[in-house]
Amino acid sequence: MPYLDHAATTPMLPEAIAAVSEALGAVGNPSSLHGSGRDARRRVEESREELAAALGARPSEVILTAGGTESDNLAVKGIYWARRAVDPRRRRIIASSIEHHAVMDAVEWLVTHEAAEVTWLPVDSYGMVAPSALRAAIETDPHDVALVTTMYANNEVGTVQPIIELVRVAHEYHLPIHSDAVQAVGAVAVDFGTSGLDALTMTGHKLGGPPGAGALLLRRDIECVPLQHGGGQEREVRSGTLDVPGAVGLAAATTLAVQRRDEVAARVSALRDELVTGVLAGVPDARVNGHPTRRLPGIANLTFAGCEGDALLMLLDARGIECSTGSACSAGVAQPSHVLTAMGASAAEAKGSLRFSLGHDSTPADVAAAVEAIVPAVERARRAGLTSVVSS
Amino acid sequence: MTEPRSKTTGLRVLAAMSGGVDSAVAAARAVDAGYDVTGVHLALSAAPATLRHGARGCCTIEDSHDARRAADVLGIPFYIWDLAERFRADVIDDFVSEYAAGRTPNPCLRCNEKIKFSAVLDRALALGFDAVVTGHHARLVDGRLMRSVDAAKDQSYVLAVCTPYQLAHAIFPLGDSTKAEVRAEAAGLGLGVADKPDSHDICFIADGDTRGFLARALGAQHGPIVDAQSGSVVGTHAGSFGFTVGQRRGLNLQRSGPDGEPRYVLSIRPVDNTVVVGPRELLDADVVTAERVVWTSGAAPTASFPCAVQLRAHGTTSPATVTVEGDTVTAALGRPQTGVAAGQALVMYDGDEVIGSATITAARRLADMPA
């Protein structure tokens with residue numbers, strides 16, 4: 001069954017399944033003081049060290065969380081609150097306009113409930129944030145900025161942001177900068193230390209780890225107000241009984257994904273190019289979205305004019321080919337992608353887009369099946385036209 | 001991963017699943033019939049969460065969840081189709097503008113005409129499906145639209161607007177069953193919606209306050225309430241759109257009629273924003289004119305024919321003689337009907353069979369007509 005939705009979630013690596021399974025069989029709360037507790041703590045700390053080593057961070061910079069959304073919320077809200085507490089003028093958040101909802105909605109919540117202001121950074125037609133745009137946004141008033149947050153690599157179109165340059169600009173003004181690197185870790189080289197980032201979100205299930213386990217990498221000198229209060233297990237920034245199986249699975253998968261990155265990226269990228277070439281041969285007017293070179297290896301986001309993405313998705317699903325119309329929404333209703341519209345697409349173009357995302361277990365047969373199915377699917381979907389759009 | 005396709009008769013059908021018990025059982029019966037069934041929930045509200053509270057309609061997030069769970073139980077693929085923009089334009093905006101024009105629309109009927117058996121059906125056919133399955137209580141016998149065997153639940157009235165082409169691509173698996181049988185079957189299948197309450201209200205007016213909804217959409221427009229017999233102003237209103245012909249409650253008149261009898265809304269004149277009231281007997285209509293006629297079998301039986309007409313959803317029928325003139329029909333009623341409102345459908349029946357329907361434009365008393 002061609003599964004081409006790895007950006008949504010990717011199969012767990014066998015090594016990670018083994019590590020999680022083994023940990024599930026052992027009793028012990030890492031906060032307990034007895035032998036079982038100490039054993040559990042040791043497994044968590046070893047995992048933390050392993051994770052830190054794989055990501056170029058110090059172990060003390062790793063805050064284990066329940067995943068990407070929690071990490072994003074913790075970074076955005078926690079740093080906002082901490083910075084505002086020091087200086088009440090700091091109410092402005094500078095964020096890219098192509099953030100995942102976990103960042104975007106956290107920012108919007110702060111605007112609605114915590115008197116925050118927001119400057120959304122524009123992107124170019126490839127979905128890239130320009131460092132000059134960040135500078136211009138800061139320059140309106142460097143003193144009122146609470147934090148900067150820009151995605152590392154976009155989940156819908158795969159464009160990789162110029163993070164080093166963006167960090168440099170933010171730091172020129174002594175502003176903290178967070179990056180959601182959920183899609184980037186394991187796919188492109190991510191080194192927390194050399195990036196200069198103050199905070200970085202990563203999660204396990206996008207790289208072969210277990211769902212529900214992630215981390216926020218947070219520099220020691222960055223203040224962050226907690227979202228959850230309780231035992232204070234993670235540096236007093238995050239409370240909650242430590243998830244030992246999650247931590248070991250996260251560490252095992254991240255280590256392997258980083259180790260194998262060059263090999264897997266090269267293979268996946270070649271398959272992705274094959275997919276794009278094949279689709280364009282069958283549907284010459286399809287348009288490829290995202291940056292041609294500065295992109296994630298596995299994502300192919302395509303616009304099929306005159307189609308609705310969800311009709312295409314259904315037709316492909318019926319043929320066993322699984323892909324996505326962008327980021328899913330709770331009600332399952334496909335809204336026009338804010339990423340594509342930020343890149344200049346019309347609502348109709350955005351609705352006519354499909355994301356194929358390949359991963360570590362993708363095969364040439366998957367690509368061949370997708371290419372074969374896409375042409376009749378597009379023909380059919382074009383006949384159905386833009387049903388949901390009101391013609392004026 | 002999708003389930004392998006079930007036993008198939010080659011017919012690919014799209015089951016519209018509202019999240020209610022009827023459409024879930026209809027989908028189940030389509031599966032039993034051996035069709036290749038795909039479930040679809042129509043997202044009709046652009047912001048479903050806003051319609052959540054107290055809603056008993058068919059477009060809340062919970063309803064889409066219920067529909068999804070029913071599809072899970074049936075083992076069929078399930079998707080949500082976003083028809084919110086179309087629904088807004090074709091049903092909600094139409095509803096508001098019809099009221100603004102002094103008419104009383106039926107949004108369920110409009111939804112069937114424009115959404116379920118138009119936008120959805122067209123899309124389904126284009127995508128390779130053969131028919132749309134719904135949980136309407138009505139029968140299709142050799143392409144003829146018939147009332148449900150459950151008279152209390154019969155929905156043939158709101159389906160009568162469908163053309164022969166639309167009906168040829170519709171499947172109503174519930175027409176031979178009573179609602180009680182449908183619920184029992186749902187319980188037997190283990191469907192969680194087996195005892196879910198019926199929806200009664202207009203789905204996009206969650207609190208049931210139609211007048212409040214219209215006031216928000218159109219703004220308050222104060223005007224007079226005039227007595228038909230005396231011609232004098234007997235009250236004021238905040239918008240003629242808030243009234244329906246035949247309405248008695250909520251008029252807040254300073255005084256009742258000269259005879260002390262209650263007053264009813266006789267007509268609405270949007271041109272001068274006037275509501276005309278009068279005694280009950282003036283509500284009776286003998287002659288009803290309707291336009292935009294649709295013949296369920298494709299053509300009028302004859303230029304003039306006897307039949308039974310129904311003038312509102314869940315209303316009783318009256319024997320009538322219908323005369324056809326192009327797009328317009330005139331029904332001479334054998335029994336006067338009360339509170340016939342422009343904008344509602346006039347549906348013509350031959351026994352249980354629907355002959356056709358048209359939109360009511362005027363209702364008069366024979367006594368008022370020129371000789």
# chains A, B, ... in the order shown; residues from 1 in each chain; ligands from 1
$ residues_around --residues "A:Leu13" --least-positions-apart "5" --cutoff "7 Å" --atoms "only C-alpha atoms" --output "MDAnalysis selection string"
chainID A and resid 208:209 253
$ interface_residues --of "chain B" --to "chain A" --cutoff "7 Å" --atoms "only C-alpha atoms" --output "PDB file with N, CA and C atoms, in the first residue's frame"
ATOM      1  N   THR B   2      -7.102   1.921   3.708  1.00  0.00           N
ATOM      2  CA  THR B   2      -8.513   1.669   3.452  1.00  0.00           C
ATOM      3  C   THR B   2      -8.796   0.181   3.574  1.00  0.00           C
ATOM      4  N   ILE B  61     -19.763  19.721  14.909  1.00  0.00           N
ATOM      5  CA  ILE B  61     -18.600  18.844  14.912  1.00  0.00           C
ATOM      6  C   ILE B  61     -18.981  17.480  15.484  1.00  0.00           C
ATOM      7  N   ILE B  80     -15.121  14.044   4.645  1.00  0.00           N
ATOM      8  CA  ILE B  80     -15.959  15.220   4.858  1.00  0.00           C
ATOM      9  C   ILE B  80     -15.837  16.110   3.629  1.00  0.00           C
ATOM     10  N   TRP B  81     -16.962  16.469   3.093  1.00  0.00           N
ATOM     11  CA  TRP B  81     -16.964  17.394   1.960  1.00  0.00           C
ATOM     12  C   TRP B  81     -17.396  18.758   2.466  1.00  0.00           C
ATOM     13  N   ASP B  82     -16.604  19.727   2.126  1.00  0.00           N
ATOM     14  CA  ASP B  82     -16.862  21.090   2.575  1.00  0.00           C
ATOM     15  C   ASP B  82     -17.782  21.790   1.581  1.00  0.00           C
ATOM     16  N   LEU B  83     -19.038  21.882   1.922  1.00  0.00           N
ATOM     17  CA  LEU B  83     -20.004  22.566   1.059  1.00  0.00           C
ATOM     18  C   LEU B  83     -20.483  23.863   1.708  1.00  0.00           C
ATOM     19  N   GLU B  85     -19.526  26.974   1.647  1.00  0.00           N
ATOM     20  CA  GLU B  85     -19.707  28.169   0.817  1.00  0.00           C
ATOM     21  C   GLU B  85     -20.966  28.051  -0.027  1.00  0.00           C
ATOM     22  N   ARG B  86     -21.155  26.864  -0.600  1.00  0.00           N
ATOM     23  CA  ARG B  86     -22.342  26.652  -1.430  1.00  0.00           C
ATOM     24  C   ARG B  86     -23.600  26.735  -0.582  1.00  0.00           C
ATOM     25  N   ALA B 119     -25.186  19.963  -6.065  1.00  0.00           N
ATOM     26  CA  ALA B 119     -23.728  20.077  -5.895  1.00  0.00           C
ATOM     27  C   ALA B 119     -23.103  18.733  -5.532  1.00  0.00           C
ATOM     28  N   ARG B 123     -21.013  16.290  -8.151  1.00  0.00           N
ATOM     29  CA  ARG B 123     -19.629  15.978  -7.820  1.00  0.00           C
ATOM     30  C   ARG B 123     -19.439  14.464  -7.737  1.00  0.00           C
ATOM     31  N   ALA B 126     -19.406  12.994 -11.199  1.00  0.00           N
ATOM     32  CA  ALA B 126     -18.155  13.322 -11.884  1.00  0.00           C
ATOM     33  C   ALA B 126     -16.994  12.502 -11.340  1.00  0.00           C
ATOM     34  N   LEU B 127     -17.053  12.185 -10.068  1.00  0.00           N
ATOM     35  CA  LEU B 127     -15.951  11.440  -9.455  1.00  0.00           C
ATOM     36  C   LEU B 127     -16.105   9.927  -9.632  1.00  0.00           C
TER      37      LEU B 127
END
$ residues_around --residues "B:Gly175" --least-positions-apart "3" --cutoff "6 Å" --atoms "only C-alpha atoms" --output "list in words"
His137, Ala138, Arg139 and Ser148 of chain B
$ select_by_dssp --residues "stretch 90-318 of chain A" --states "strand (DSSP E or B)" --output "PyMOL selection string"
chain A and resi 92-96+117-121+145-149+153+159-160+177-180+185+188+199-203+214-218+234+238+287-289+295+299-303
$ residues_around --residues "B:Tyr99" --least-positions-apart "4" --cutoff "6 Å" --atoms "only C-alpha atoms" --output "count of residues only"
3
